[in-house]
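*Asks:* Sharing a structure, written as structure tokens. Questions coming.
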Amino acid sequence: MIAWREAMSVGSPALDADHKRLIELVNLTEEWGSRDSWPQVGAVIDDLMVYVREHFQREEAVMAAIRFPELEAHRKRHEALAARARLLNDKFRAAANDGERKTCCLVLTKVLNEWLLDHILKQDMKFKPLIPKKPQPAAHHAPELQVGLPQQTEAELAAERKARKEARDKDVEYELPPNLAHLLKRIEYVVPEMPPPEKEFDSFEKLCAAAVCRRVDKVLIFFQRHNPALNLELPPFFLASAEFADKFRQAIGKFIFPMIWESRQVRMLATNFDWAAQDAESFWEHINRQLEQSILQGWTQGWDELRLIEVKKDGQKVLQVKDNTKALREMLQPSSPSAYDLPRIGNREIDVFQSLLDPANDWWETLNRAWRICHDLYEQEKEPRIFQQKAREGAFRDGLLSAFNRFPPEWVDFLVLACHRVFPRVSTSFLEGFATNLGRNEAEREAHIPYTIRYLRQARTNPDIFDRERLEEQEWQAQMKELSDYLAHREPKA
Ligand SMILES: [Fe+2]
Ligand SMILES: [Fe+2]
């Protein structure tokens, strides 16, 4: 598996975005391959082949526009890889059994990994000096919205993206009558992007604070994905709310940073660190292990200080809440009950807050990779679009369960709830069924997924949810019946 690094930037945000996506697809192929999930490997390779072709076209257009003298030689290298990849893909398709499939998949990912690294770092890098430097775009723009070419305006790029999306939507082996056509559309939802890292700090403290907040934001922003087309009656869970993220940053500033600065160790190590050249992202790559550990220590202690303590009162155990914790509760209150749902902050919530920073781990990529798998499995099992590679029943649930192993246990809940906020068919009744995998009774389940159980308890008392989901289910079944009738009687495509 490879990860994209700043050193791989070829100076064009659009091409960098392409390279990131290619790396992601190769990593996905490897990941599915390692689990012997062959239909999924096949689906990802399909995407990969299309994407490689599109990327090469885009890159060659850029090279032509900047009059890169080695364009022809570069084009040949592209052609050679495309041909090799096609050959390996054909072999994979022709494989007679899983053993052969595994071998093909291993060779393909090895070739692509080596090629990508070598090609980006050595060949693509050659045209980097010719790419005109653009002024920094506004922070709220997603990377792919940034201008990749002097000639291409944002409107042109948007048109290109639209055309690509339409081509993707069309790439199915059957057509549907107008009343069913929407069933072929890929699911769409809002995925907030990380803004570019802040830079040019005038003190170590400010840089360090921004770097800590950025790490935490990566987790919070990941969980902010949602599907505006779903009319959910209950407020989102706290981690999914942008308002909560703002308040949480303030809370870190008030309760946690003072703890980190108090540490003599941090102050001492900071003096040896050349911070002026770093930004909120590169900070973590450049600090040494000791400084990393000291920051984490301050972070952990800061949260520990806010924990409720068990004391004996009249022979009974009670939890004592410190004034600071009361202030934290006050600070993190939503502006209105519909903004987000946060239980009264206790030690479980402190555990969640504490889990949000891991100096040794940038969770962004891992989270997004796990999400991609869940998304694919959801489409393959629950959506009709990909009939050809239909996943077996329960594949989505299993994918979700296995995604859990990769993250802090506190986040399991939030992944499940994020799926609920994005995928129409992950209803509360799906969640009820899902929860039964995680314990024999409600108490056991609550120990694993407290926030999902909390959500379900609220949902159970809300008849609107039950009515809506029942109607949606009926509608879905009717459409599926119509679709399967249509497919059974359709004429072969000319
Ligand atoms: Fe490239
Ligand atoms: Fe290239």
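Each chain in the structure tokens gets a letter, A, B and so on, in the order shown; residues start at 1 in every chain, and ligands are counted from 1 in the order they appear.
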Counting only C-alpha atoms and all ligand atoms, which protein, DNA or RNA residues come within 9 Å of ligand 2, given as a PyMOL selection string?
*Replies:* chain A and resi 55-56+59-60+74-75+77-78+116+119-120+123-125
*Asks:* Once DSSP has gone over the backbone, tell me which residues of stretch 186-350 of chain A are in strand (DSSP E), as a ChimeraX atom specification.
*Replies:* /A:309-313,316-320
*Asks:* Could you write those residues out with N, CA and C atoms, as a short mmCIF file (atom, residue, chain, number, x, y, z; two decimals), in the first residue's frame?
*Replies:*
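Dumped everything to result_35.cif:
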```cif
data_model
loop_
_atom_site.label_atom_id
_atom_site.label_comp_id
_atom_site.auth_asym_id
_atom_site.auth_seq_id
_atom_site.Cartn_x
_atom_site.Cartn_y
_atom_site.Cartn_z
N ILE A 309 -15.38 11.83 39.24
CA ILE A 309 -14.71 10.92 40.17
C ILE A 309 -15.73 10.26 41.10
N GLU A 310 -15.41 8.99 41.38
CA GLU A 310 -16.31 8.24 42.24
C GLU A 310 -15.97 8.55 43.70
N VAL A 311 -16.96 8.99 44.45
CA VAL A 311 -16.71 9.21 45.88
C VAL A 311 -17.78 8.50 46.69
N LYS A 312 -17.47 8.24 47.97
CA LYS A 312 -18.46 7.59 48.84
C LYS A 312 -19.22 8.66 49.60
N LYS A 313 -20.53 8.59 49.55
CA LYS A 313 -21.34 9.56 50.27
C LYS A 313 -22.42 8.77 51.00
N GLN A 316 -22.73 5.32 50.04
CA GLN A 316 -23.08 5.01 48.65
C GLN A 316 -22.07 5.65 47.70
N LYS A 317 -21.88 4.96 46.57
CA LYS A 317 -20.96 5.53 45.59
C LYS A 317 -21.68 6.56 44.74
N VAL A 318 -21.12 7.72 44.64
CA VAL A 318 -21.70 8.72 43.73
C VAL A 318 -20.59 9.32 42.87
N LEU A 319 -20.97 9.86 41.74
CA LEU A 319 -20.00 10.48 40.85
C LEU A 319 -19.97 11.99 41.10
N GLN A 320 -18.76 12.46 41.37
CA GLN A 320 -18.65 13.88 41.64
C GLN A 320 -18.24 14.62 40.37
#
```
*Asks:* From the list A:Leu106, A:Val50, A:Phe127, A:Asp464, which residue is nearest ligand 1 when using only C-alpha atoms and all ligand atoms?
*Replies:*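 Nearest candidate to ligand 1 out of A:Leu106, A:Val50, A:Phe127, A:Asp464: A:Phe127.
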*Asks:* Using only C-alpha atoms and all ligand atoms for the distances, tell me which of A:Ser294, A:Val422, A:Lys122, A:Lys110 is nearest to ligand 1.
*Replies:* A:Lys122
*Asks:* Find the residues around A:Gln290 up to 12 Å (only C-alpha atoms counted), leave out those fewer than 3 positions away in its own chain, and share them as a ChimeraX atom specification.
*Replies:* /A:265-270,272-273,284,286-287,293-297,359-360
*Asks:* Grab the residues selected above and save them as a PDB file, in the first residue's frame with N, CA and C atoms.
*Replies:*
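Full text of out_25.pdb as output:
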```pdb
ATOM      1  N   GLN A 265       8.632  19.595  29.558  1.00  0.00           N
ATOM      2  CA  GLN A 265       9.159  18.772  28.462  1.00  0.00           C
ATOM      3  C   GLN A 265       8.831  19.402  27.105  1.00  0.00           C
ATOM      4  N   VAL A 266       7.533  19.775  26.929  1.00  0.00           N
ATOM      5  CA  VAL A 266       7.117  20.364  25.654  1.00  0.00           C
ATOM      6  C   VAL A 266       7.890  21.647  25.406  1.00  0.00           C
ATOM      7  N   ARG A 267       7.989  22.483  26.439  1.00  0.00           N
ATOM      8  CA  ARG A 267       8.667  23.773  26.229  1.00  0.00           C
ATOM      9  C   ARG A 267      10.128  23.575  25.864  1.00  0.00           C
ATOM     10  N   MET A 268      10.743  22.591  26.514  1.00  0.00           N
ATOM     11  CA  MET A 268      12.152  22.340  26.260  1.00  0.00           C
ATOM     12  C   MET A 268      12.367  21.827  24.828  1.00  0.00           C
ATOM     13  N   LEU A 269      11.551  20.831  24.459  1.00  0.00           N
ATOM     14  CA  LEU A 269      11.717  20.231  23.128  1.00  0.00           C
ATOM     15  C   LEU A 269      11.369  21.230  22.024  1.00  0.00           C
ATOM     16  N   ALA A 270      10.431  22.124  22.322  1.00  0.00           N
ATOM     17  CA  ALA A 270      10.000  23.083  21.299  1.00  0.00           C
ATOM     18  C   ALA A 270      11.136  24.011  20.879  1.00  0.00           C
ATOM     19  N   ASN A 272      14.127  23.296  20.324  1.00  0.00           N
ATOM     20  CA  ASN A 272      15.015  22.683  19.326  1.00  0.00           C
ATOM     21  C   ASN A 272      14.335  22.454  17.992  1.00  0.00           C
ATOM     22  N   PHE A 273      13.098  22.873  17.881  1.00  0.00           N
ATOM     23  CA  PHE A 273      12.320  22.518  16.699  1.00  0.00           C
ATOM     24  C   PHE A 273      12.196  23.727  15.778  1.00  0.00           C
ATOM     25  N   TRP A 284       3.357  17.473  12.051  1.00  0.00           N
ATOM     26  CA  TRP A 284       3.440  16.116  12.600  1.00  0.00           C
ATOM     27  C   TRP A 284       4.539  15.283  11.960  1.00  0.00           C
ATOM     28  N   HIS A 286       7.372  16.459  11.142  1.00  0.00           N
ATOM     29  CA  HIS A 286       8.694  16.988  11.474  1.00  0.00           C
ATOM     30  C   HIS A 286       9.044  16.992  12.954  1.00  0.00           C
ATOM     31  N   ILE A 287       8.064  16.737  13.817  1.00  0.00           N
ATOM     32  CA  ILE A 287       8.432  16.714  15.236  1.00  0.00           C
ATOM     33  C   ILE A 287       9.006  15.343  15.574  1.00  0.00           C
ATOM     34  N   GLN A 293       5.122  12.519  21.937  1.00  0.00           N
ATOM     35  CA  GLN A 293       4.650  11.869  23.166  1.00  0.00           C
ATOM     36  C   GLN A 293       4.255  12.890  24.222  1.00  0.00           C
ATOM     37  N   SER A 294       5.043  13.966  24.327  1.00  0.00           N
ATOM     38  CA  SER A 294       4.756  14.969  25.351  1.00  0.00           C
ATOM     39  C   SER A 294       3.442  15.683  25.069  1.00  0.00           C
ATOM     40  N   ILE A 295       3.186  15.937  23.786  1.00  0.00           N
ATOM     41  CA  ILE A 295       1.916  16.586  23.428  1.00  0.00           C
ATOM     42  C   ILE A 295       0.756  15.660  23.786  1.00  0.00           C
ATOM     43  N   LEU A 296       0.926  14.388  23.448  1.00  0.00           N
ATOM     44  CA  LEU A 296      -0.130  13.428  23.754  1.00  0.00           C
ATOM     45  C   LEU A 296      -0.372  13.322  25.253  1.00  0.00           C
ATOM     46  N   GLN A 297       0.725  13.380  25.996  1.00  0.00           N
ATOM     47  CA  GLN A 297       0.600  13.304  27.453  1.00  0.00           C
ATOM     48  C   GLN A 297      -0.230  14.473  28.000  1.00  0.00           C
ATOM     49  N   PRO A 359      -1.366  11.487  17.782  1.00  0.00           N
ATOM     50  CA  PRO A 359      -0.270  12.123  17.043  1.00  0.00           C
ATOM     51  C   PRO A 359       0.431  11.157  16.089  1.00  0.00           C
ATOM     52  N   ALA A 360       0.359   9.855  16.390  1.00  0.00           N
ATOM     53  CA  ALA A 360       1.075   8.902  15.544  1.00  0.00           C
ATOM     54  C   ALA A 360       0.242   8.487  14.339  1.00  0.00           C
TER      55      ALA A 360
END
```
*Asks:* Near A:Val26, within 9 Å and counting only C-alpha atoms, which residues show up once chain neighbours fewer than 5 positions away are dropped, as a PyMOL selection string?
*Replies:* chain A and resi 1-2+21+31+44-45+48+108-109+112-113
*Asks:* Which of these residues is nearest to A:Ile453, using only C-alpha atoms: A:Gly439, A:Arg225, A:Cys104, A:Leu401?
*Replies:*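 Checking each of A:Gly439, A:Arg225, A:Cys104, A:Leu401 against A:Ile453, counting only C-alpha atoms, the winner is A:Gly439.
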*Asks:* Could you name the residues that touch stretch 304-306 of chain A at 12 Å or less, counting only C-alpha atoms, but leaving out those on the same chain fewer than 2 positions away, as a PyMOL selection string?
*Replies:* chain A and resi 251-252+254-256+259+297-302+308-309+320-329+345-355
*Asks:* Hey, which of A:Thr103, A:Val212, A:Asn462, A:Phe204 ends up closest to A:Lys91? Count only C-alpha atoms.
*Replies:*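 Smallest distance to A:Lys91 is found for A:Thr103.
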*Asks:* Extract the full set of helix (DSSP H, G or I) residues from stretch 176-276 of chain A according to DSSP on the backbone, and format it as an MDAnalysis selection string.
*Replies:* chainID A and resid 181:184 204:223 238:240 242:262 264:271 275:276
*Asks:* Kindly save the residues from that selection, with C-alpha atoms included, as an mmCIF file, in the first residue's frame.
*Replies:*
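Resulting contents of out_36.cif:
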```cif
data_model
loop_
_atom_site.group_PDB
_atom_site.id
_atom_site.type_symbol
_atom_site.label_atom_id
_atom_site.label_comp_id
_atom_site.auth_asym_id
_atom_site.auth_seq_id
_atom_site.Cartn_x
_atom_site.Cartn_y
_atom_site.Cartn_z
ATOM 1 C CA ALA A 181 -34.160 5.699 -14.662
ATOM 2 C CA HIS A 182 -33.390 7.242 -11.269
ATOM 3 C CA LEU A 183 -32.599 3.764 -9.961
ATOM 4 C CA LEU A 184 -29.429 3.767 -12.021
ATOM 5 C CA PHE A 204 5.403 27.521 18.271
ATOM 6 C CA GLU A 205 2.302 27.464 20.485
ATOM 7 C CA LYS A 206 0.042 28.722 17.717
ATOM 8 C CA LEU A 207 1.439 26.263 15.202
ATOM 9 C CA CYS A 208 1.126 23.363 17.628
ATOM 10 C CA ALA A 209 -2.451 24.340 18.555
ATOM 11 C CA ALA A 210 -3.409 24.539 14.874
ATOM 12 C CA ALA A 211 -1.780 21.158 14.190
ATOM 13 C CA VAL A 212 -3.644 19.492 17.082
ATOM 14 C CA CYS A 213 -6.941 21.029 15.962
ATOM 15 C CA ARG A 214 -6.337 19.913 12.389
ATOM 16 C CA ARG A 215 -5.799 16.294 13.444
ATOM 17 C CA VAL A 216 -9.004 16.383 15.458
ATOM 18 C CA ASP A 217 -10.856 18.168 12.647
ATOM 19 C CA LYS A 218 -9.941 15.424 10.235
ATOM 20 C CA VAL A 219 -11.993 12.982 12.293
ATOM 21 C CA LEU A 220 -14.824 15.422 12.958
ATOM 22 C CA ILE A 221 -15.077 16.569 9.333
ATOM 23 C CA PHE A 222 -15.041 12.974 8.153
ATOM 24 C CA PHE A 223 -18.131 12.269 10.249
ATOM 25 C CA PHE A 238 -22.677 15.378 18.124
ATOM 26 C CA LEU A 239 -19.593 14.238 16.202
ATOM 27 C CA ALA A 240 -21.457 14.829 12.930
ATOM 28 C CA ALA A 242 -20.133 21.408 12.401
ATOM 29 C CA GLU A 243 -21.469 23.467 15.272
ATOM 30 C CA PHE A 244 -20.167 20.908 17.731
ATOM 31 C CA ALA A 245 -16.772 20.956 15.984
ATOM 32 C CA ASP A 246 -16.529 24.728 16.544
ATOM 33 C CA LYS A 247 -17.422 24.411 20.187
ATOM 34 C CA PHE A 248 -15.074 21.511 20.647
ATOM 35 C CA ARG A 249 -12.164 23.567 19.321
ATOM 36 C CA GLN A 250 -12.972 26.244 21.895
ATOM 37 C CA ALA A 251 -13.082 23.614 24.610
ATOM 38 C CA ILE A 252 -9.645 22.326 23.614
ATOM 39 C CA GLY A 253 -8.343 25.887 23.782
ATOM 40 C CA LYS A 254 -9.747 26.410 27.232
ATOM 41 C CA PHE A 255 -9.133 23.088 28.963
ATOM 42 C CA ILE A 256 -6.454 21.171 27.096
ATOM 43 C CA PHE A 257 -3.870 23.504 25.624
ATOM 44 C CA PRO A 258 -2.985 25.085 28.966
ATOM 45 C CA MET A 259 -2.152 21.576 30.139
ATOM 46 C CA ILE A 260 0.115 20.970 27.148
ATOM 47 C CA TRP A 261 1.970 24.288 27.586
ATOM 48 C CA GLU A 262 2.443 23.624 31.261
ATOM 49 C CA ARG A 264 8.301 21.545 30.844
ATOM 50 C CA GLN A 265 9.159 18.772 28.462
ATOM 51 C CA VAL A 266 7.117 20.364 25.654
ATOM 52 C CA ARG A 267 8.667 23.773 26.229
ATOM 53 C CA MET A 268 12.152 22.340 26.260
ATOM 54 C CA LEU A 269 11.717 20.231 23.128
ATOM 55 C CA ALA A 270 10.000 23.083 21.299
ATOM 56 C CA THR A 271 13.130 25.217 21.460
ATOM 57 C CA TRP A 275 8.826 25.472 13.547
ATOM 58 C CA ALA A 276 8.903 28.574 11.330
#
```
*Asks:* Nearest residue to A:Phe423 out of A:Gly11, A:Pro228, A:Pro129, A:Pro195, using only C-alpha atoms?
*Replies:*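 Of all the options, A:Pro228 lies closest to A:Phe423.
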*Asks:* Quick one: residues within 12 Å of stretch 34-43 of chain A, only C-alpha atoms counted, chain neighbours fewer than 4 positions away excluded, as a PyMOL selection string?
*Replies:* chain A and resi 1+25-30+47-50+88-95+97-106+108-109+372-381+386-392+395-396+399+402
*Asks:* Using only C-alpha atoms, find the one residue out of A:Ser9, A:Gly433, A:Pro343, A:Ser427 that sits nearest to A:Phe466.
*Replies:*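 For A:Phe466, the nearest of the candidates is A:Ser427.
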*Asks:* Expressed in Å to a single decimal, how great is the separation between atom CA of A:Ala80 and atom CA of A:Asp16?
*Replies:*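 Between these atoms lies a distance of 21.3 Å.
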*Asks:* What does the structure give for the distance between atom CA of A:Glu292 and atom CA of A:Ala17, in Å to one decimal?
*Replies:*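 Answer for the atom CA of A:Glu292 to atom CA of A:Ala17 separation: 29.2 Å.
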